[in-house]
Protein chains: 4
Amino acid sequence: MNNFAPRVFFMPESIFRHTHRVIYAECTVGNHVYYARYLDMLEAARGEFLRSLGRTALQWQEAGLAFPVIGVEISYKGFARYDDLLAIELWAAEMRGVQLNVGFRILNAGGALLAEGVTRHVCATTDEKPKRLPAELIEALRPFLRSGDIEANAGRR
Amino acid sequence: MNNFAPRVFFMPESIFRHTHRVIYAECTVGNHVYYARYLDMLEAARGEFLRSLGRTALQWQEAGLAFPVIGVEISYKGFARYDDLLAIELWAAEMRGVQLNVGFRILNAGGALLAEGVTRHVCATTDEKPKRLPAELIEALRPFLRSGDIEANAGRR
Amino acid sequence: MNNFAPRVFFMPESIFRHTHRVIYAECTVGNHVYYARYLDMLEAARGEFLRSLGRTALQWQEAGLAFPVIGVEISYKGFARYDDLLAIELWAAEMRGVQLNVGFRILNAGGALLAEGVTRHVCATTDEKPKRLPAELIEALRPFLRSGDIEANAGRR
Amino acid sequence: MNNFAPRVFFMPESIFRHTHRVIYAECTVGNHVYYARYLDMLEAARGEFLRSLGRTALQWQEAGLAFPVIGVEISYKGFARYDDLLAIELWAAEMRGVQLNVGFRILNAGGALLAEGVTRHVCATTDEKPKRLPAELIEALRPFLRSGDIEANAGRR
């Protein structure tokens with residue numbers, strides 16, 4: 001979870017940024033976003049991330065592939081409030097074999113970090129068999145691979 | 001929406017009662033349940049209602065039938081709060097042809113009425129064609145048909 | 001619910017339009033949006049509608065006013081699917097005393113009507129006492145009042 | 001995440017078990033529970049866990065204390081389906097200073113493991129200052145502390 005520290009060795013890195021306006025539906029008692037709702041926002045952001053990379057989740061699915069979530073690690077650092085405009089930042093934290101880890105940070109308009117973590121995915125056929133990440137997706141994600149992770153992943157693909 | 005008034009002509013009537021404990025996930029700013037979440041609770045209650053009548057929604061579906069919602073009318077009368085134990089009361093408000101209307105009231109443990117209304121359903125085959133309500137379901141629901149509605153429906157079936 | 005029919009007497013009328021991309025979080029078994037999730041979308045749309053009129057819900061609240069939902073009538077006409085880009089259209093269906101009814105239609109990108117109805121609101125102080133709709137809001141909403149409703153409301157304000 | 005392996009040294013350990021019936025509201029396309037909804041279920045289960053230990057979350061709050069979630073780690077191992085009756089098992093994975101980690105497993109009626117992980121909490125006053133876990137809660141949770149964790153925590157309290 002330290003991979004949010006600035007990396008000076010490799011640059012520049014791309015980050016995908018999605019914005020989201022908090023509504024009452026997402027808040028709970030005490031005026032803050034309910035802890036599970038961030039996962040909904042992350043899904044919306046990942047959907048737009050895929051779209052921006054050239055194929056929507058739906059198009060991947062029509063091509064026989066899906067990227068189901070097999071794990072989530074999230075740390076809550078602050079409260080998102082009603083009507084906050086949030087930035088959801090995504091990048092590729094790891095790509096290896098059938099695995100794709102997507103790093104994320106969620107910030108409010110003032111730049112305060114509210115949550116950070118990783119969603120872990122596998123590439124699977126629509127009949128639920130694991131399959132290596134398609135080269136097309138790896139290439140499209142490469143600019144979004146964080147440098148530390150590039151190092152970590154070097155030679156694995 | 002006046003069909004909650006006491007009916008003295010026909011009695012007694014059966015009401016299905018499901019209980020639900022309010023969690024933070026359902027609340028919003030200001031400590032009350034978000035207006036859409038009552039619809040989730042109603043679905044849970046209808047699922048248990050069907051189960052109690054002899055066949056679950058899943059079993060009806062396996063038999064080729066579903067009862068999708070085609071309309072909702074809901075009036076909010078009070079606030080459900082965190083950790084409230086709610087009673088969700090259901091009955092058949094109308095059964096006619098392909099149509100099934102389910103009346104509901106939601107009360108807290110103190111007996112205060114929080115919401116009331118109706119969900120309107122059609123009976124449909126799993127390939128989405130309308131189909132008359134099965135006699136088995138009509139018979140099972142008959143004790144739960146409110147008297148005023150019995151009158152209204154008399155001779156229609 | 002017939003107030004969606006074309007009205008030729010008064011024109012043009014303004015409609016507020018909000019767009020929403022359907023995510024998996026909102027879908028259920030069978031690839032369609034769960035019936036309660038439309039209410040979440042409607043809240044998001046109403047929030048943007050208020051913002052566009054000059055004051056956000058939060059700013060109204062800071063000014064001591066809120067517009068809680070006291071009722072919903074919704075008819076489902078078709079299925080919204082995953083990744084559909086929906087248009088949520090809003091207008092003022094009635095403004096009278098403490099009451100504000102907001103009409104809505106939800107359409108997909110192909111123009112198919114998926115849902116329509118009304119959310120009924122009251123104007124209330126933040127300590128929950130009813131209060132007449134503020135003149136500022138009535139003026140801002142006037143261009144969005146549907147003609148049939150203008151007639152119906154004439155002389156009431 | 002290996003703390004689910006059988007522990008033979010210390011026994012028996014108590015586990016809190018909450019059951020939950022899956023409804024359509026929680027499912028998504030493809031008939032499985034949406035990944036974020038498990039967090040809602042976990043909150044419901046933790047609420048009942050606290051209640052069973054002698055004080056509800058609401059009562060703790062009235063006493064000036066809350067246990068907000070500061071992190072979640074969850075691994076998805078299988079799919080929960082519509083109408084599944086799930087068992088949500090909870091235990092204390094760590095209690096130290098202001099920190100409380102709650103371990104969990106979610107299983108279906110056939111005993112298949114669907115998800116497991118930990119929610120990390122802090123004890124905080126209602127004005128959001130960290131505070132040591134109350135002795136009353138530690139004592140009540142002690143039978144639910146997993147043995148490996150007992151070892152790990154020994155002497156820390």
# chains A, B, ... in the order shown; residues from 1 in each chain; ligands from 1

call {"tool": "closest_atom_pairs", "arguments": {"of": "chain A", "to": "chain C", "cutoff": "7 Å", "atoms": "only C-alpha atoms", "output": "Markdown table"}}
result
| residue | atom | partner | partner_atom | distance |
| --- | --- | --- | --- | --- |
| A:Ile23 | CA | C:Ala44 | CA | 6.0 |
| A:Ala25 | CA | C:Asp40 | CA | 6.0 |
| A:Asp40 | CA | C:Ala25 | CA | 6.0 |
| A:Ala44 | CA | C:Ile23 | CA | 6.0 |

call {"tool": "residues_around", "arguments": {"residues": "range 133-148 of chain D", "least_positions_apart": "5", "cutoff": "7 Å", "atoms": "only C-alpha atoms", "output": "PDB file with C-alpha atoms, in the first residue's frame"}}
result
ATOM      1  CA  PHE D  10      -5.961 -23.897  21.170  1.00  0.00           C
ATOM      2  CA  GLU D  13     -12.923 -21.216  19.711  1.00  0.00           C
ATOM      3  CA  SER D  14     -16.224 -19.469  19.342  1.00  0.00           C
ATOM      4  CA  ILE D  15     -17.435 -18.059  16.072  1.00  0.00           C
ATOM      5  CA  LEU D  53     -22.172  -9.423  23.075  1.00  0.00           C
ATOM      6  CA  TRP D  91     -14.498 -13.558  14.999  1.00  0.00           C
ATOM      7  CA  ALA D  92     -11.991 -11.207  16.536  1.00  0.00           C
ATOM      8  CA  ALA D  93      -8.801 -11.424  14.495  1.00  0.00           C
ATOM      9  CA  GLY D  97      -4.919  -0.554  21.651  1.00  0.00           C
ATOM     10  CA  VAL D  98      -7.474   1.298  19.555  1.00  0.00           C
ATOM     11  CA  CYS D 123     -12.385   2.569  18.425  1.00  0.00           C
TER      12      CYS D 123
END

call {"tool": "atom_distance", "arguments": {"atom1": "CA of Glu94 in chain A", "atom2": "CA of Ala36 in chain A"}}
result
23.6 Å

call {"tool": "residues_around", "arguments": {"residues": "Ala87 in chain A", "least_positions_apart": "3", "cutoff": "8 Å", "atoms": "only C-alpha atoms", "output": "list in words"}}
result
Arg17, His18, Thr19, His20, Ile106, Leu107, Asn108 and Ala109 of chain A

call {"tool": "write_last_selection", "arguments": {"atoms": "N, CA and C atoms", "output": "mmCIF file, in the first residue's frame"}}
result
data_model
loop_
_atom_site.group_PDB
_atom_site.id
_atom_site.type_symbol
_atom_site.label_atom_id
_atom_site.label_comp_id
_atom_site.auth_asym_id
_atom_site.auth_seq_id
_atom_site.Cartn_x
_atom_site.Cartn_y
_atom_site.Cartn_z
ATOM 1 N N ARG A 17 -8.408 8.951 -14.668
ATOM 2 C CA ARG A 17 -9.142 9.709 -13.645
ATOM 3 C C ARG A 17 -10.617 9.784 -14.024
ATOM 4 N N HIS A 18 -11.448 9.348 -13.101
ATOM 5 C CA HIS A 18 -12.899 9.382 -13.285
ATOM 6 C C HIS A 18 -13.470 10.249 -12.171
ATOM 7 N N THR A 19 -14.465 11.048 -12.487
ATOM 8 C CA THR A 19 -15.050 11.864 -11.414
ATOM 9 C C THR A 19 -16.443 11.365 -11.062
ATOM 10 N N HIS A 20 -16.801 11.589 -9.837
ATOM 11 C CA HIS A 20 -18.086 11.098 -9.333
ATOM 12 C C HIS A 20 -18.641 12.085 -8.314
ATOM 13 N N ILE A 106 -8.916 7.459 -4.137
ATOM 14 C CA ILE A 106 -10.098 8.303 -4.243
ATOM 15 C C ILE A 106 -9.813 9.580 -3.456
ATOM 16 N N LEU A 107 -9.985 10.714 -4.130
ATOM 17 C CA LEU A 107 -9.672 12.007 -3.517
ATOM 18 C C LEU A 107 -10.872 12.926 -3.641
ATOM 19 N N ASN A 108 -10.989 13.860 -2.713
ATOM 20 C CA ASN A 108 -12.044 14.861 -2.892
ATOM 21 C C ASN A 108 -11.494 16.063 -3.657
ATOM 22 N N ALA A 109 -12.356 17.047 -3.881
ATOM 23 C CA ALA A 109 -11.963 18.171 -4.737
ATOM 24 C C ALA A 109 -10.846 18.996 -4.116
#

call {"tool": "atom_distance", "arguments": {"atom1": "CA of His32 in chain B", "atom2": "CA of Val29 in chain A"}}
result
7.5 Å

call {"tool": "residues_around", "arguments": {"residues": "range 117-120 of chain C", "least_positions_apart": "6", "cutoff": "7 Å", "atoms": "only C-alpha atoms", "output": "ChimeraX atom specification"}}
result
/C:1,69-75,100-105

call {"tool": "write_last_selection", "arguments": {"atoms": "N, CA and C atoms", "output": "short mmCIF file (atom, residue, chain, number, x, y, z; two decimals), in the first residue's frame"}}
result
data_model
loop_
_atom_site.label_atom_id
_atom_site.label_comp_id
_atom_site.auth_asym_id
_atom_site.auth_seq_id
_atom_site.Cartn_x
_atom_site.Cartn_y
_atom_site.Cartn_z
N MET C 1 -50.77 9.99 -14.80
CA MET C 1 -49.64 9.42 -15.53
C MET C 1 -49.81 9.65 -17.03
N VAL C 69 -38.72 13.59 -0.02
CA VAL C 69 -39.67 12.83 -0.82
C VAL C 69 -40.77 12.29 0.09
N ILE C 70 -42.01 12.58 -0.24
CA ILE C 70 -43.11 11.99 0.54
C ILE C 70 -43.88 10.94 -0.27
N GLY C 71 -43.53 10.80 -1.53
CA GLY C 71 -44.19 9.76 -2.30
C GLY C 71 -43.53 9.56 -3.64
N VAL C 72 -43.67 8.37 -4.18
CA VAL C 72 -43.14 8.05 -5.50
C VAL C 72 -44.19 7.23 -6.24
N GLU C 73 -44.42 7.59 -7.48
CA GLU C 73 -45.19 6.73 -8.38
C GLU C 73 -44.31 6.48 -9.59
N ILE C 74 -44.07 5.22 -9.86
CA ILE C 74 -43.20 4.88 -10.98
C ILE C 74 -43.79 3.71 -11.75
N SER C 75 -43.81 3.85 -13.07
CA SER C 75 -44.24 2.76 -13.94
C SER C 75 -43.06 2.33 -14.78
N LEU C 100 -44.24 20.09 -3.96
CA LEU C 100 -43.54 20.11 -5.24
C LEU C 100 -43.55 18.69 -5.80
N ASN C 101 -44.16 18.53 -6.94
CA ASN C 101 -44.14 17.22 -7.61
C ASN C 101 -43.20 17.32 -8.81
N VAL C 102 -42.30 16.36 -8.91
CA VAL C 102 -41.34 16.35 -10.00
C VAL C 102 -41.67 15.19 -10.92
N GLY C 103 -42.02 15.50 -12.15
CA GLY C 103 -42.29 14.46 -13.13
C GLY C 103 -40.98 13.94 -13.70
N PHE C 104 -41.00 12.70 -14.14
CA PHE C 104 -39.77 12.16 -14.73
C PHE C 104 -40.09 11.12 -15.80
N ARG C 105 -39.17 11.01 -16.71
CA ARG C 105 -39.13 9.92 -17.69
C ARG C 105 -37.69 9.46 -17.79
#

call {"tool": "atom_distance", "arguments": {"atom1": "CA of Pro68 in chain D", "atom2": "CA of Cys27 in chain A"}}
result
14.2 Å

call {"tool": "select_by_dssp", "arguments": {"residues": "chain A", "states": "strand (DSSP E or B)", "output": "VMD selection string"}}
result
chain A and resid 16 to 21 27 to 28 32 to 33 65 to 66 69 to 76 85 to 96 99 to 107 113 to 122 124 to 125 130 145

call {"tool": "write_last_selection", "arguments": {"atoms": "C-alpha atoms", "output": "JSON list (two decimals), in the first residue's frame"}}
result
[["chain", "number", "residue", "atom", "x", "y", "z"],
["A", 16, "PHE", "CA", -6.88, 7.24, -15.40],
["A", 17, "ARG", "CA", -9.14, 9.71, -13.65],
["A", 18, "HIS", "CA", -12.90, 9.38, -13.28],
["A", 19, "THR", "CA", -15.05, 11.86, -11.41],
["A", 20, "HIS", "CA", -18.09, 11.10, -9.33],
["A", 21, "ARG", "CA", -20.58, 13.32, -7.55],
["A", 27, "CYS", "CA", -24.23, 8.38, 2.30],
["A", 28, "THR", "CA", -25.11, 7.01, 5.69],
["A", 32, "HIS", "CA", -20.28, 10.29, 4.99],
["A", 33, "VAL", "CA", -20.20, 7.76, 2.21],
["A", 65, "LEU", "CA", -13.67, -12.45, -21.84],
["A", 66, "ALA", "CA", -14.44, -11.01, -18.44],
["A", 69, "VAL", "CA", -12.92, -9.25, -9.08],
["A", 70, "ILE", "CA", -11.28, -11.89, -6.92],
["A", 71, "GLY", "CA", -10.19, -9.58, -4.15],
["A", 72, "VAL", "CA", -10.29, -6.07, -2.78],
["A", 73, "GLU", "CA", -8.01, -4.28, -0.37],
["A", 74, "ILE", "CA", -9.18, -0.86, 0.63],
["A", 75, "SER", "CA", -7.98, 1.55, 3.31],
["A", 76, "TYR", "CA", -10.22, 4.41, 4.33],
["A", 85, "LEU", "CA", -16.97, 15.75, -6.34],
["A", 86, "LEU", "CA", -14.60, 12.83, -6.09],
["A", 87, "ALA", "CA", -11.69, 11.90, -8.30],
["A", 88, "ILE", "CA", -11.21, 8.17, -8.67],
["A", 89, "GLU", "CA", -7.73, 7.46, -9.95],
["A", 90, "LEU", "CA", -6.87, 4.08, -11.43],
["A", 91, "TRP", "CA", -3.75, 2.42, -12.73],
["A", 92, "ALA", "CA", -2.45, -1.04, -13.44],
["A", 93, "ALA", "CA", -0.68, -2.27, -10.30],
["A", 94, "GLU", "CA", 0.21, -5.64, -11.74],
["A", 95, "MET", "CA", -0.33, -7.63, -14.92],
["A", 96, "ARG", "CA", 0.88, -11.18, -14.92],
["A", 99, "GLN", "CA", -3.94, -11.67, -13.13],
["A", 100, "LEU", "CA", -4.66, -7.99, -13.30],
["A", 101, "ASN", "CA", -4.43, -5.80, -10.23],
["A", 102, "VAL", "CA", -5.89, -2.33, -10.48],
["A", 103, "GLY", "CA", -4.58, 0.26, -8.03],
["A", 104, "PHE", "CA", -6.83, 3.08, -6.97],
["A", 105, "ARG", "CA", -6.99, 6.28, -4.98],
["A", 106, "ILE", "CA", -10.10, 8.30, -4.24],
["A", 107, "LEU", "CA", -9.67, 12.01, -3.52],
["A", 113, "LEU", "CA", -7.01, 11.26, 0.05],
["A", 114, "LEU", "CA", -10.17, 9.42, 1.13],
["A", 115, "ALA", "CA", -9.42, 5.85, 0.17],
["A", 116, "GLU", "CA", -6.79, 3.81, -1.55],
["A", 117, "GLY", "CA", -6.16, 0.20, -2.39],
["A", 118, "VAL", "CA", -6.28, -2.40, -5.07],
["A", 119, "THR", "CA", -8.88, -4.53, -6.78],
["A", 120, "ARG", "CA", -7.58, -7.91, -7.91],
["A", 121, "HIS", "CA", -9.00, -9.41, -11.07],
["A", 122, "VAL", "CA", -8.51, -12.48, -13.18],
["A", 124, "ALA", "CA", -11.62, -15.51, -17.51],
["A", 125, "THR", "CA", -13.59, -16.83, -20.42],
["A", 130, "PRO", "CA", -8.95, -18.61, -16.49],
["A", 145, "LEU", "CA", 1.49, 0.53, -15.14]]

call {"tool": "select_by_dssp", "arguments": {"residues": "range 27-85 of chain B", "states": "helix (DSSP H, G or I)", "output": "list in words"}}
result
Arg37, Tyr38, Leu39, Asp40, Met41, Leu42, Glu43, Ala44, Ala45, Arg46, Gly47, Glu48, Phe49, Leu50, Arg51, Ser52, Leu53, Ala57, Leu58, Gln59, Trp60, Gln61 and Glu62 of chain B
